[in-house]
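What's in final.pdb: PDB, C-alpha atoms and all ligand atoms
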```pdb
ATOM      1  CA  MET A   1       0.000   0.000   0.000
ATOM      2  CA  ASN A   2       1.331   3.433  -0.977
ATOM      3  CA  PHE A   3       0.237   6.407   1.119
ATOM      4  CA  THR A   4       0.883   9.926  -0.170
ATOM      5  CA  VAL A   5      -0.248  12.768   2.098
ATOM      6  CA  LEU A   6      -0.744  16.281   0.736
ATOM      7  CA  THR A   7      -0.319  18.691   3.625
ATOM      8  CA  LEU A   8       1.028  22.035   4.817
ATOM      9  CA  PHE A   9       2.469  20.234   7.873
ATOM     10  CA  PRO A  10       4.561  17.306   6.574
ATOM     11  CA  GLU A  11       6.491  17.008   9.866
ATOM     12  CA  LEU A  12       3.266  16.105  11.659
ATOM     13  CA  VAL A  13       2.595  13.231   9.278
ATOM     14  CA  ASN A  14       6.233  12.094   8.977
ATOM     15  CA  ALA A  15       6.279  11.512  12.755
ATOM     16  CA  PHE A  16       3.422   9.051  12.161
ATOM     17  CA  PHE A  17       5.341   7.271   9.376
ATOM     18  CA  GLN A  18       8.410   6.979  11.614
ATOM     19  CA  ASN A  19       6.834   5.134  14.553
ATOM     20  CA  GLY A  20       5.147   1.862  15.521
ATOM     21  CA  MET A  21       3.497  -0.630  13.200
ATOM     22  CA  ILE A  22       3.533   1.805  10.279
ATOM     23  CA  ALA A  23       7.307   2.272  10.506
ATOM     24  CA  ARG A  24       7.686  -1.539  10.671
ATOM     25  CA  GLY A  25       5.451  -1.973   7.622
ATOM     26  CA  ILE A  26       7.560   0.553   5.721
ATOM     27  CA  GLU A  27      10.813  -1.177   6.780
ATOM     28  CA  ASN A  28       9.429  -4.502   5.591
ATOM     29  CA  GLY A  29       8.459  -3.071   2.218
ATOM     30  CA  LEU A  30       4.722  -3.616   2.737
ATOM     31  CA  ILE A  31       3.860   0.115   2.884
ATOM     32  CA  THR A  32       5.306   3.311   1.512
ATOM     33  CA  GLY A  33       4.587   6.630   3.230
ATOM     34  CA  ASN A  34       5.368   9.996   1.643
ATOM     35  CA  CYS A  35       4.368  13.606   2.163
ATOM     36  CA  ILE A  36       4.015  16.322  -0.402
ATOM     37  CA  ASN A  37       4.101  19.874   0.949
ATOM     38  CA  ILE A  38       1.329  21.800  -0.810
ATOM     39  CA  ARG A  39       3.300  25.022  -0.208
ATOM     40  CA  ASP A  40       6.050  23.738  -2.559
ATOM     41  CA  PHE A  41       3.521  24.161  -5.392
ATOM     42  CA  SER A  42       2.760  27.798  -4.715
ATOM     43  CA  THR A  43       4.235  29.971  -7.452
ATOM     44  CA  ASP A  44       4.358  33.464  -5.918
ATOM     45  CA  ARG A  45       7.346  34.744  -3.979
ATOM     46  CA  HIS A  46       5.493  34.591  -0.639
ATOM     47  CA  LYS A  47       4.548  30.937  -1.190
ATOM     48  CA  THR A  48       0.865  31.761  -0.627
ATOM     49  CA  VAL A  49      -1.531  28.799  -0.360
ATOM     50  CA  ASP A  50      -4.668  30.565   0.922
ATOM     51  CA  ASP A  51      -6.799  33.561  -0.015
ATOM     52  CA  ARG A  52      -9.864  35.503   1.143
ATOM     53  CA  PRO A  53     -13.277  33.970   0.421
ATOM     54  CA  TYR A  54     -15.407  35.391  -2.421
ATOM     55  CA  GLY A  55     -18.538  36.870  -0.871
ATOM     56  CA  GLY A  56     -16.637  38.023   2.160
ATOM     57  CA  GLY A  57     -16.629  36.724   5.687
ATOM     58  CA  SER A  58     -13.967  35.545   8.079
ATOM     59  CA  GLY A  59     -11.423  32.806   7.534
ATOM     60  CA  MET A  60      -9.339  31.845   4.546
ATOM     61  CA  VAL A  61      -9.778  29.322   1.734
ATOM     62  CA  MET A  62      -7.072  27.138   0.182
ATOM     63  CA  LYS A  63      -6.262  28.326  -3.331
ATOM     64  CA  PRO A  64      -6.998  25.791  -6.085
ATOM     65  CA  GLU A  65      -3.799  26.111  -8.169
ATOM     66  CA  PRO A  66      -1.188  24.819  -5.649
ATOM     67  CA  LEU A  67      -3.580  22.014  -4.645
ATOM     68  CA  LYS A  68      -4.108  20.985  -8.256
ATOM     69  CA  ALA A  69      -0.360  20.940  -8.917
ATOM     70  CA  ALA A  70       0.266  18.928  -5.729
ATOM     71  CA  ILE A  71      -2.450  16.361  -6.572
ATOM     72  CA  LEU A  72      -1.146  15.965 -10.151
ATOM     73  CA  CYS A  73       2.385  15.488  -8.795
ATOM     74  CA  ALA A  74       1.142  12.778  -6.397
ATOM     75  CA  LYS A  75      -0.828  11.045  -9.191
ATOM     76  CA  ASP A  76       2.238  11.176 -11.401
ATOM     77  CA  ARG A  77       4.349   9.474  -8.731
ATOM     78  CA  MET A  78       1.652   6.838  -7.966
ATOM     79  CA  PRO A  79      -0.526   6.375 -11.048
ATOM     80  CA  GLY A  80      -3.987   4.940 -10.400
ATOM     81  CA  SER A  81      -4.119   6.019  -6.741
ATOM     82  CA  ARG A  82      -7.418   6.971  -5.126
ATOM     83  CA  VAL A  83      -7.611  10.664  -4.127
ATOM     84  CA  VAL A  84      -9.320  11.134  -0.749
ATOM     85  CA  VAL A  85     -10.073  14.508   0.886
ATOM     86  CA  LEU A  86     -10.510  14.662   4.672
ATOM     87  CA  THR A  87     -13.467  16.899   5.515
ATOM     88  CA  PRO A  88     -16.372  16.982   7.973
ATOM     89  CA  GLN A  89     -18.675  16.914   4.907
ATOM     90  CA  GLY A  90     -17.376  13.492   3.836
ATOM     91  CA  ASN A  91     -18.744   9.970   4.222
ATOM     92  CA  ARG A  92     -18.233   8.721   7.759
ATOM     93  CA  PHE A  93     -15.125   6.551   8.062
ATOM     94  CA  ASN A  94     -15.617   3.088   9.583
ATOM     95  CA  GLN A  95     -14.150  -0.425   9.481
ATOM     96  CA  GLU A  96     -16.031  -1.167   6.265
ATOM     97  CA  THR A  97     -14.429   1.841   4.548
ATOM     98  CA  ALA A  98     -11.041   0.784   5.926
ATOM     99  CA  LEU A  99     -11.455  -2.670   4.348
ATOM    100  CA  ALA A 100     -12.482  -1.147   1.015
ATOM    101  CA  LEU A 101      -9.506   1.233   0.988
ATOM    102  CA  ALA A 102      -7.101  -1.556   1.986
ATOM    103  CA  ALA A 103      -8.178  -3.392  -1.173
ATOM    104  CA  GLU A 104      -7.150  -0.397  -3.300
ATOM    105  CA  LYS A 105      -4.415  -1.806  -5.552
ATOM    106  CA  GLN A 106      -2.305   1.252  -6.365
ATOM    107  CA  GLY A 107      -2.416   3.512  -3.346
ATOM    108  CA  LEU A 108      -4.103   6.363  -1.542
ATOM    109  CA  ILE A 109      -3.518  10.079  -1.908
ATOM    110  CA  LEU A 110      -4.836  11.847   1.207
ATOM    111  CA  VAL A 111      -5.526  15.565   0.832
ATOM    112  CA  CYS A 112      -5.367  17.518   4.110
ATOM    113  CA  GLY A 113      -7.008  20.930   4.098
ATOM    114  CA  ARG A 114      -6.434  23.751   6.594
ATOM    115  CA  TYR A 115      -8.352  26.984   7.211
ATOM    116  CA  GLU A 116     -12.062  27.032   6.281
ATOM    117  CA  GLY A 117     -11.549  24.485   3.524
ATOM    118  CA  ILE A 118     -10.536  24.177  -0.099
ATOM    119  CA  ASP A 119     -11.882  25.891  -3.222
ATOM    120  CA  GLU A 120     -14.973  23.932  -4.340
ATOM    121  CA  ARG A 121     -13.724  23.590  -7.927
ATOM    122  CA  VAL A 122     -10.905  21.256  -6.847
ATOM    123  CA  TYR A 123     -13.295  18.443  -5.894
ATOM    124  CA  SER A 124     -15.051  17.486  -9.125
ATOM    125  CA  LEU A 125     -11.972  17.323 -11.328
ATOM    126  CA  LEU A 126      -9.259  16.119  -8.994
ATOM    127  CA  THR A 127     -10.660  14.026  -6.142
ATOM    128  CA  ASP A 128     -12.406  10.651  -5.923
ATOM    129  CA  GLU A 129     -14.025  10.762  -2.514
ATOM    130  CA  GLU A 130     -14.538  12.789   0.678
ATOM    131  CA  ILE A 131     -14.124  11.128   4.073
ATOM    132  CA  SER A 132     -14.974  12.404   7.564
ATOM    133  CA  ILE A 133     -13.618  10.724  10.682
ATOM    134  CA  GLY A 134     -16.469  12.098  12.814
ATOM    135  CA  ASP A 135     -18.804  14.983  13.564
ATOM    136  CA  TYR A 136     -16.392  17.479  15.087
ATOM    137  CA  VAL A 137     -14.228  20.192  13.594
ATOM    138  CA  MET A 138     -10.446  19.892  13.679
ATOM    139  CA  THR A 139      -7.894  22.495  12.592
ATOM    140  CA  GLY A 140      -6.762  20.384   9.638
ATOM    141  CA  GLY A 141      -7.165  17.072   7.855
ATOM    142  CA  GLU A 142      -3.830  15.592   9.017
ATOM    143  CA  LEU A 143      -5.190  13.754  12.067
ATOM    144  CA  GLY A 144      -7.980  12.385   9.885
ATOM    145  CA  ALA A 145      -5.468  11.172   7.291
ATOM    146  CA  MET A 146      -3.494   9.462  10.053
ATOM    147  CA  VAL A 147      -6.634   7.797  11.442
ATOM    148  CA  VAL A 148      -7.499   6.480   7.976
ATOM    149  CA  MET A 149      -3.951   5.295   7.219
ATOM    150  CA  ASP A 150      -3.631   3.626  10.627
ATOM    151  CA  ALA A 151      -6.850   1.641  10.256
ATOM    152  CA  VAL A 152      -6.044   0.732   6.628
ATOM    153  CA  ALA A 153      -2.389  -0.204   7.204
ATOM    154  CA  ARG A 154      -3.133  -2.828   9.831
ATOM    155  CA  LEU A 155      -5.394  -4.621   7.321
ATOM    156  CA  ILE A 156      -2.529  -5.022   4.824
ATOM    157  CA  PRO A 157      -1.381  -8.670   5.001
ATOM    158  CA  GLY A 158       1.840  -8.936   7.006
ATOM    159  CA  VAL A 159       1.694  -5.516   8.693
ATOM    160  CA  LEU A 160       0.336  -6.971  11.938
ATOM    161  CA  GLY A 161       2.534  -9.682  13.439
ATOM    162  CA  SER A 162       0.000 -12.462  12.994
ATOM    163  CA  GLU A 163      -2.233 -12.588   9.940
ATOM    164  CA  ALA A 164      -5.087 -14.021  11.986
ATOM    165  CA  SER A 165      -5.227 -11.325  14.615
ATOM    166  CA  PHE A 166      -7.467  -8.824  12.828
ATOM    167  CA  GLN A 167      -9.940 -11.536  11.833
ATOM    168  CA  SER A 168     -11.365 -11.439  15.362
ATOM    169  CA  ASP A 169     -11.425  -7.623  15.614
ATOM    170  CA  SER A 170     -14.381  -5.725  16.948
ATOM    171  CA  PHE A 171     -16.894  -4.537  14.372
ATOM    172  CA  MET A 172     -16.000  -7.264  11.918
ATOM    173  CA  ASP A 173     -19.160  -9.079  13.003
ATOM    174  CA  ASP A 174     -20.995  -6.341  14.920
ATOM    175  CA  ARG A 175     -19.609  -7.524  18.253
ATOM    176  CA  ILE A 176     -16.939  -5.840  20.332
ATOM    177  CA  GLU A 177     -13.924  -7.752  21.587
ATOM    178  CA  HIS A 178     -13.960  -9.965  24.680
ATOM    179  CA  ALA A 179     -12.102  -8.804  27.809
ATOM    180  CA  HIS A 180      -8.333  -9.331  27.810
ATOM    181  CA  TYR A 181      -6.088 -10.253  30.741
ATOM    182  CA  THR A 182      -2.377 -10.738  31.249
ATOM    183  CA  ARG A 183      -0.132 -11.260  34.301
ATOM    184  CA  PRO A 184      -0.213 -10.834  37.256
ATOM    185  CA  GLU A 185      -2.900 -13.353  38.250
ATOM    186  CA  VAL A 186      -4.165 -10.949  40.968
ATOM    187  CA  PHE A 187      -4.152  -7.173  40.389
ATOM    188  CA  GLU A 188      -5.521  -4.778  43.019
ATOM    189  CA  GLY A 189      -7.442  -7.694  44.531
ATOM    190  CA  GLN A 190      -9.014  -8.660  41.188
ATOM    191  CA  LYS A 191      -8.540 -12.241  39.944
ATOM    192  CA  ILE A 192      -8.363 -13.608  36.397
ATOM    193  CA  PRO A 193     -11.589 -15.484  35.428
ATOM    194  CA  ASP A 194     -10.998 -19.190  36.295
ATOM    195  CA  THR A 195     -11.878 -20.439  32.802
ATOM    196  CA  LEU A 196      -8.935 -18.558  31.279
ATOM    197  CA  LEU A 197      -6.565 -20.472  33.574
ATOM    198  CA  SER A 198      -8.226 -23.854  32.867
ATOM    199  CA  GLY A 199      -6.340 -24.720  29.699
ATOM    200  CA  ASN A 200      -9.626 -26.016  28.211
ATOM    201  CA  HIS A 201      -9.665 -24.405  24.765
ATOM    202  CA  GLU A 202     -13.357 -25.030  24.034
ATOM    203  CA  LYS A 203     -14.359 -23.549  27.410
ATOM    204  CA  ILE A 204     -12.075 -20.572  26.757
ATOM    205  CA  ARG A 205     -13.602 -20.059  23.306
ATOM    206  CA  LEU A 206     -17.112 -20.024  24.823
ATOM    207  CA  TRP A 207     -16.017 -17.722  27.678
ATOM    208  CA  ARG A 208     -14.660 -15.246  25.135
ATOM    209  CA  LYS A 209     -17.796 -15.426  23.045
ATOM    210  CA  LYS A 210     -19.888 -14.762  26.155
ATOM    211  CA  SER A 211     -17.636 -11.875  27.206
ATOM    212  CA  SER A 212     -17.885 -10.360  23.741
ATOM    213  CA  LEU A 213     -21.676 -10.690  23.749
ATOM    214  CA  GLN A 214     -22.095  -9.237  27.251
ATOM    215  CA  ARG A 215     -19.791  -6.308  26.544
ATOM    216  CA  THR A 216     -21.583  -5.550  23.283
ATOM    217  CA  PHE A 217     -24.975  -5.680  25.028
ATOM    218  CA  LEU A 218     -23.834  -3.362  27.836
ATOM    219  CA  LYS A 219     -21.447  -0.972  26.047
ATOM    220  CA  ARG A 220     -22.727  -0.905  22.456
ATOM    221  CA  PRO A 221     -26.455  -1.777  22.369
ATOM    222  CA  ASP A 222     -26.626  -0.220  18.878
ATOM    223  CA  LEU A 223     -24.230  -2.899  17.539
ATOM    224  CA  PHE A 224     -25.947  -5.658  19.509
ATOM    225  CA  GLU A 225     -29.266  -4.877  17.817
ATOM    226  CA  LYS A 226     -27.778  -4.614  14.342
ATOM    227  CA  THR A 227     -27.060  -8.335  14.058
ATOM    228  CA  ALA A 228     -29.349 -11.026  15.469
ATOM    229  CA  PRO A 229     -27.623 -13.594  17.713
ATOM    230  CA  ASP A 230     -26.758 -16.891  16.006
ATOM    231  CA  ALA A 231     -27.620 -20.296  17.522
ATOM    232  CA  GLU A 232     -24.542 -20.431  19.731
ATOM    233  CA  GLU A 233     -25.027 -16.856  20.914
ATOM    234  CA  LYS A 234     -28.669 -17.628  21.792
ATOM    235  CA  GLN A 235     -27.442 -20.568  23.860
ATOM    236  CA  ILE A 236     -25.005 -18.259  25.692
ATOM    237  CA  ILE A 237     -27.747 -15.671  26.288
ATOM    238  CA  ARG A 238     -30.058 -18.334  27.800
ATOM    239  CA  GLN A 239     -27.217 -19.464  30.102
ATOM    240  CA  TRP A 240     -26.568 -15.822  31.103
ATOM    241  CA  CYS A 241     -30.292 -15.413  31.888
ATOM    242  CA  ARG A 242     -30.197 -18.484  34.158
ATOM    243  CA  GLU A 243     -27.180 -17.038  36.003
ATOM    244  CA  LEU A 244     -28.995 -13.727  36.492
ATOM    245  CA  GLU A 245     -32.109 -15.589  37.653
ATOM    246  CA  ILE A 246     -30.044 -17.302  40.383
ATOM    247  CA  LEU A 247     -28.510 -13.950  41.413
ATOM    248  CA  ALA A 248     -31.993 -12.408  41.656
ATOM    249  CA  ARG A 249     -33.213 -15.209  43.940
ATOM    250  CA  GLU A 250     -30.272 -15.031  46.392
TER     251      GLU A 250
HETATM  252  N1  LIG A 301     -12.914  14.506   9.464
HETATM  253  N2  LIG A 301     -11.357  18.922   9.313
HETATM  254  C1  LIG A 301     -10.430  19.595   7.119
HETATM  255  C2  LIG A 301     -10.442  21.920   6.464
HETATM  256  C3  LIG A 301     -11.281  21.540   5.294
HETATM  257  C4  LIG A 301     -12.652  21.806   5.240
HETATM  258  C5  LIG A 301     -13.365  21.432   4.125
HETATM  259  C6  LIG A 301     -11.363  20.545   3.200
HETATM  260  C7  LIG A 301     -12.700  20.825   3.098
HETATM  261  C8  LIG A 301     -12.213  16.584   9.566
HETATM  262  C9  LIG A 301     -13.124  15.642  10.089
HETATM  263  C10 LIG A 301     -12.112  17.983   9.990
HETATM  264  C11 LIG A 301     -11.460  20.326   9.697
HETATM  265  C12 LIG A 301     -10.375  18.643   8.290
HETATM  266  C13 LIG A 301     -11.549  21.225   8.493
HETATM  267  N3  LIG A 301     -10.654  20.913   4.285
HETATM  268  N4  LIG A 301     -11.500  15.944   8.660
HETATM  269  N5  LIG A 301     -10.467  20.976   7.572
HETATM  270  N6  LIG A 301     -14.035  15.844  11.035
HETATM  271  O1  LIG A 301     -12.719  18.338  10.966
HETATM  272  O2  LIG A 301     -11.919  14.686   8.592
END
```

As structure tokens, what does this structure read like?
Amino acid sequence: MNFTVLTLFPELVNAFFQNGMIARGIENGLITGNCINIRDFSTDRHKTVDDRPYGGGSGMVMKPEPLKAAILCAKDRMPGSRVVVLTPQGNRFNQETALALAAEKQGLILVCGRYEGIDERVYSLLTDEEISIGDYVMTGGELGAMVVMDAVARLIPGVLGSEASFQSDSFMDDRIEHAHYTRPEVFEGQKIPDTLLSGNHEKIRLWRKKSSLQRTFLKRPDLFEKTAPDAEEKQIIRQWCRELEILARE
């Protein structure tokens, strides 16, 4: 996967490329990460990238010419890449979008705006899609681009240590992950659930499924309702009801 980020703050995004799983993926040749500074494509002697909005009002708008030149440069370096603009007006980013983008063969060009936004005429000719990471307003698209790249990168085969590990991720099947525990066996007076120490793999599998179901029901009722429980989940729910029934009687 090739990521190219168009930004006025390349240092912000390069820090992301230089750390953690992303850095490892780049080292291993599974990912490339590059920044293009939009300011390098400004042609006046002050390197201007913004201008006052037509119609008046406060705030500045990103000029179309440097953006166009920067996008064409990125496309030239990575032909066939998908051009994504980060903006609160975009389609909401989620795991489904991450999977779709991870399947993109050539690469992704992520356009990060600053100020009030970018000149409207840039969109139709030069970009493929608009993505929002949520309903709040940030000072620029860089954090959004990093969120998107982070979620996409870990879906690229080989980027995560084990290939299997994202198969069981939350949201993949409308259930959140089961609880996780590691040593020590007692922490602040709290013990590890006995089943996890039993060594019985079938019991552990069922415990995790139950934990996942309970946590989804309590923490994310919206997800719980989205997908009806399968036969095994129904069985677990009935068992949970019996346990609650006993608690209510005591
Ligand atoms: N999810 N912002 C972009 C400037 C801007 C506005 C319009 C292009 C068009 C955001 C979000 C976000 C703030 C990034 C405004 N650029 N990005 N920026 N929410 O809030 O992605």

Test item: residues at most 10 Å from Leu86 (chain A), all atoms listed in the file, excluding those fewer than 5 positions along its chain, as a list of chain:residue names: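 Once the nearby chain positions are removed, what remains is A:Asn91, A:Phe93, A:Leu110, A:Val111, A:Cys112, A:Gly113, A:Gly117, A:Glu129, A:Glu130, A:Ile131, A:Ser132, A:Ile133, A:Gly140, A:Gly141, A:Glu142, A:Leu143, A:Gly144, A:Ala145, A:Val148.
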
Answer key for the PyMOL selection byres (((chain A and resi 34) around 8) and not hetatm), residues as an mmCIF file with C-alpha atoms, keeping the file's coordinate frame:
```
data_model
loop_
_atom_site.group_PDB
_atom_site.id
_atom_site.type_symbol
_atom_site.label_atom_id
_atom_site.label_comp_id
_atom_site.auth_asym_id
_atom_site.auth_seq_id
_atom_site.Cartn_x
_atom_site.Cartn_y
_atom_site.Cartn_z
ATOM 1 C CA PHE A 3 0.237 6.407 1.119
ATOM 2 C CA THR A 4 0.883 9.926 -0.170
ATOM 3 C CA VAL A 5 -0.248 12.768 2.098
ATOM 4 C CA ASN A 14 6.233 12.094 8.977
ATOM 5 C CA THR A 32 5.306 3.311 1.512
ATOM 6 C CA GLY A 33 4.587 6.630 3.230
ATOM 7 C CA CYS A 35 4.368 13.606 2.163
ATOM 8 C CA ILE A 36 4.015 16.322 -0.402
#
```

For Lys191 (chain A): contacts at 10 Å, all atoms listed in the file, fewer than 6 positions along chain excluded, given as a list of chain:residue names: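 Skipping anything fewer than 6 positions along the chain leaves A:Tyr181, A:Pro184, A:Glu185.
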
For CA of Phe187 (chain A) and CA of Lys209 (chain A), the interatomic separation in Å (one decimal):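 Separation of CA of Phe187 (chain A) and CA of Lys209 (chain A): 23.6 Å.
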
Residue members of the PyMOL selection byres (((chain A and resi 82) around 12) and not hetatm) in the file shown, as number ranges by chain: A: 1-5, 71, 74-75, 78-81, 83-85, 100-111, 126-130

Which of A:Trp207, A:Tyr123, A:Phe224, A:Tyr136 sits closest to ligand LIG 301 (chain A) [using all atoms listed in the file]: A:Tyr136

Point-to-point distance in Å for atom C5 of ligand LIG 301 (chain A) and CA of Met62 (chain A): 9.4 Å

Of the listed residues A:Asp51, A:Asp40, A:Asp119, A:Asp150, that which approaches ligand LIG 301 (chain A) most closely, counting only C-alpha atoms and all ligand atoms: A:Asp119

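Residue nearest Leu12 (chain A) within the list A:Met146, A:Leu67, A:Leu160, A:Ser58: A:Met146 [criterion: smallest interatomic distance, all atoms listed in the file].
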
Two-atom distance - CA of Ser42 (chain A), CA of Thr7 (chain A) (Å): 12.7 Å

Residue among A:Glu96, A:Asp135, A:Asp194, A:Asp169 lying closest to ligand LIG 301 (chain A), counting only C-alpha atoms and all ligand atoms: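 Using only C-alpha atoms and all ligand atoms, the shortest distance to ligand LIG 301 (chain A) belongs to A:Asp135.
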
Find the axis-aligned box for region 151-161 of chain A, covering all its listed atoms and adding 3 Å on each side, and write its centre and edge lengths in Å to one decimal as AutoDock Vina command-line options.
```
--center_x -2.2 --center_y -4.0 --center_z 9.1 --size_x 15.4 --size_y 17.3 --size_z 14.6
```

Residue nearest Pro64 (chain A) among A:Gln239, A:Ser211, A:Ser124, A:Thr97 (counting all atoms listed in the file):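 Of A:Gln239, A:Ser211, A:Ser124, A:Thr97, the one nearest Pro64 (chain A) is A:Ser124, counting all atoms listed in the file.
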
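Between Met138 (chain A) and the residues A:Arg39, A:His180, A:Arg208, A:Arg114, the shortest atom-to-atom distance, using only C-alpha atoms, involves A:Arg114.
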
Expected selection from the PyMOL selection byres (((chain A and resi 159) around 9) and not hetatm), given as a list in words: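 Checked against the file, the PyMOL selection byres (((chain A and resi 159) around 9) and not hetatm) matches Met21, Ile22, Arg24, Gly25, Ile26, Asn28, Leu30, Ile31, Ala153, Arg154, Leu155, Ile156, Pro157, Gly158, Leu160, Gly161, Ser162 and Glu163 of chain A.
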
Expected answer as a list in words: all residues with atoms within 12 Å of (-15.4, -4.2, 12.8), all atoms listed in the file: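 Every residue inside that radius is included here: Phe93, Asn94, Gln95, Glu96, Thr97, Ala98, Leu99, Ala151, Leu155, Phe166, Gln167, Ser168, Asp169, Ser170, Phe171, Met172, Asp173, Asp174, Arg175, Ile176, Glu177 and Leu223 of chain A.
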
Taking the structure in the block just given, could you write region 207-214 of chain A with all heavy atoms, as a short mmCIF file (atom, residue, chain, number, x, y, z; two decimals), in the first residue's frame?
```cif
data_model
loop_
_atom_site.label_atom_id
_atom_site.label_comp_id
_atom_site.auth_asym_id
_atom_site.auth_seq_id
_atom_site.Cartn_x
_atom_site.Cartn_y
_atom_site.Cartn_z
N TRP A 207 -16.12 -18.83 26.72
CA TRP A 207 -16.02 -17.72 27.68
C TRP A 207 -15.81 -16.41 26.92
O TRP A 207 -16.43 -15.39 27.22
CB TRP A 207 -14.85 -17.95 28.65
CG TRP A 207 -14.76 -16.84 29.67
CD1 TRP A 207 -15.35 -16.79 30.89
CD2 TRP A 207 -14.08 -15.59 29.50
NE1 TRP A 207 -15.08 -15.58 31.50
CE2 TRP A 207 -14.31 -14.83 30.67
CE3 TRP A 207 -13.30 -15.03 28.49
CZ2 TRP A 207 -13.79 -13.54 30.85
CZ3 TRP A 207 -12.78 -13.75 28.66
CH2 TRP A 207 -13.03 -13.02 29.84
N ARG A 208 -14.95 -16.46 25.91
CA ARG A 208 -14.66 -15.25 25.14
C ARG A 208 -15.88 -14.79 24.35
O ARG A 208 -16.16 -13.60 24.25
CB ARG A 208 -13.47 -15.49 24.19
CG ARG A 208 -12.17 -15.58 24.97
CD ARG A 208 -10.97 -15.68 24.09
NE ARG A 208 -9.76 -15.47 24.87
CZ ARG A 208 -8.58 -15.95 24.56
NH1 ARG A 208 -8.41 -16.68 23.47
NH2 ARG A 208 -7.53 -15.70 25.33
N LYS A 209 -16.60 -15.76 23.81
CA LYS A 209 -17.80 -15.43 23.04
C LYS A 209 -18.83 -14.77 23.97
O LYS A 209 -19.47 -13.77 23.60
CB LYS A 209 -18.36 -16.70 22.40
CG LYS A 209 -19.44 -16.46 21.40
CD LYS A 209 -19.30 -17.34 20.16
CE LYS A 209 -20.19 -16.77 19.08
NZ LYS A 209 -20.28 -17.55 17.88
N LYS A 210 -18.95 -15.31 25.17
CA LYS A 210 -19.89 -14.76 26.15
C LYS A 210 -19.45 -13.35 26.56
O LYS A 210 -20.28 -12.42 26.61
CB LYS A 210 -19.93 -15.68 27.38
CG LYS A 210 -20.90 -15.22 28.46
CD LYS A 210 -20.87 -16.22 29.59
CE LYS A 210 -21.74 -15.82 30.75
NZ LYS A 210 -21.55 -16.75 31.89
N SER A 211 -18.16 -13.19 26.82
CA SER A 211 -17.64 -11.88 27.21
C SER A 211 -17.90 -10.84 26.11
O SER A 211 -18.36 -9.73 26.37
CB SER A 211 -16.13 -12.00 27.47
OG SER A 211 -15.52 -10.74 27.57
N SER A 212 -17.66 -11.24 24.89
CA SER A 212 -17.89 -10.36 23.74
C SER A 212 -19.35 -9.95 23.63
O SER A 212 -19.69 -8.78 23.43
CB SER A 212 -17.41 -11.10 22.48
OG SER A 212 -17.99 -10.55 21.34
N LEU A 213 -20.23 -10.93 23.83
CA LEU A 213 -21.68 -10.69 23.75
C LEU A 213 -22.15 -9.77 24.87
O LEU A 213 -22.90 -8.82 24.64
CB LEU A 213 -22.38 -12.05 23.83
CG LEU A 213 -23.73 -12.21 23.19
CD1 LEU A 213 -23.71 -11.83 21.73
CD2 LEU A 213 -24.19 -13.66 23.34
N GLN A 214 -21.69 -10.06 26.09
CA GLN A 214 -22.09 -9.24 27.25
C GLN A 214 -21.60 -7.81 27.10
O GLN A 214 -22.34 -6.85 27.36
CB GLN A 214 -21.51 -9.84 28.54
CG GLN A 214 -22.16 -11.15 28.92
CD GLN A 214 -21.48 -11.80 30.13
OE1 GLN A 214 -20.26 -11.77 30.28
NE2 GLN A 214 -22.29 -12.41 31.00
#
```
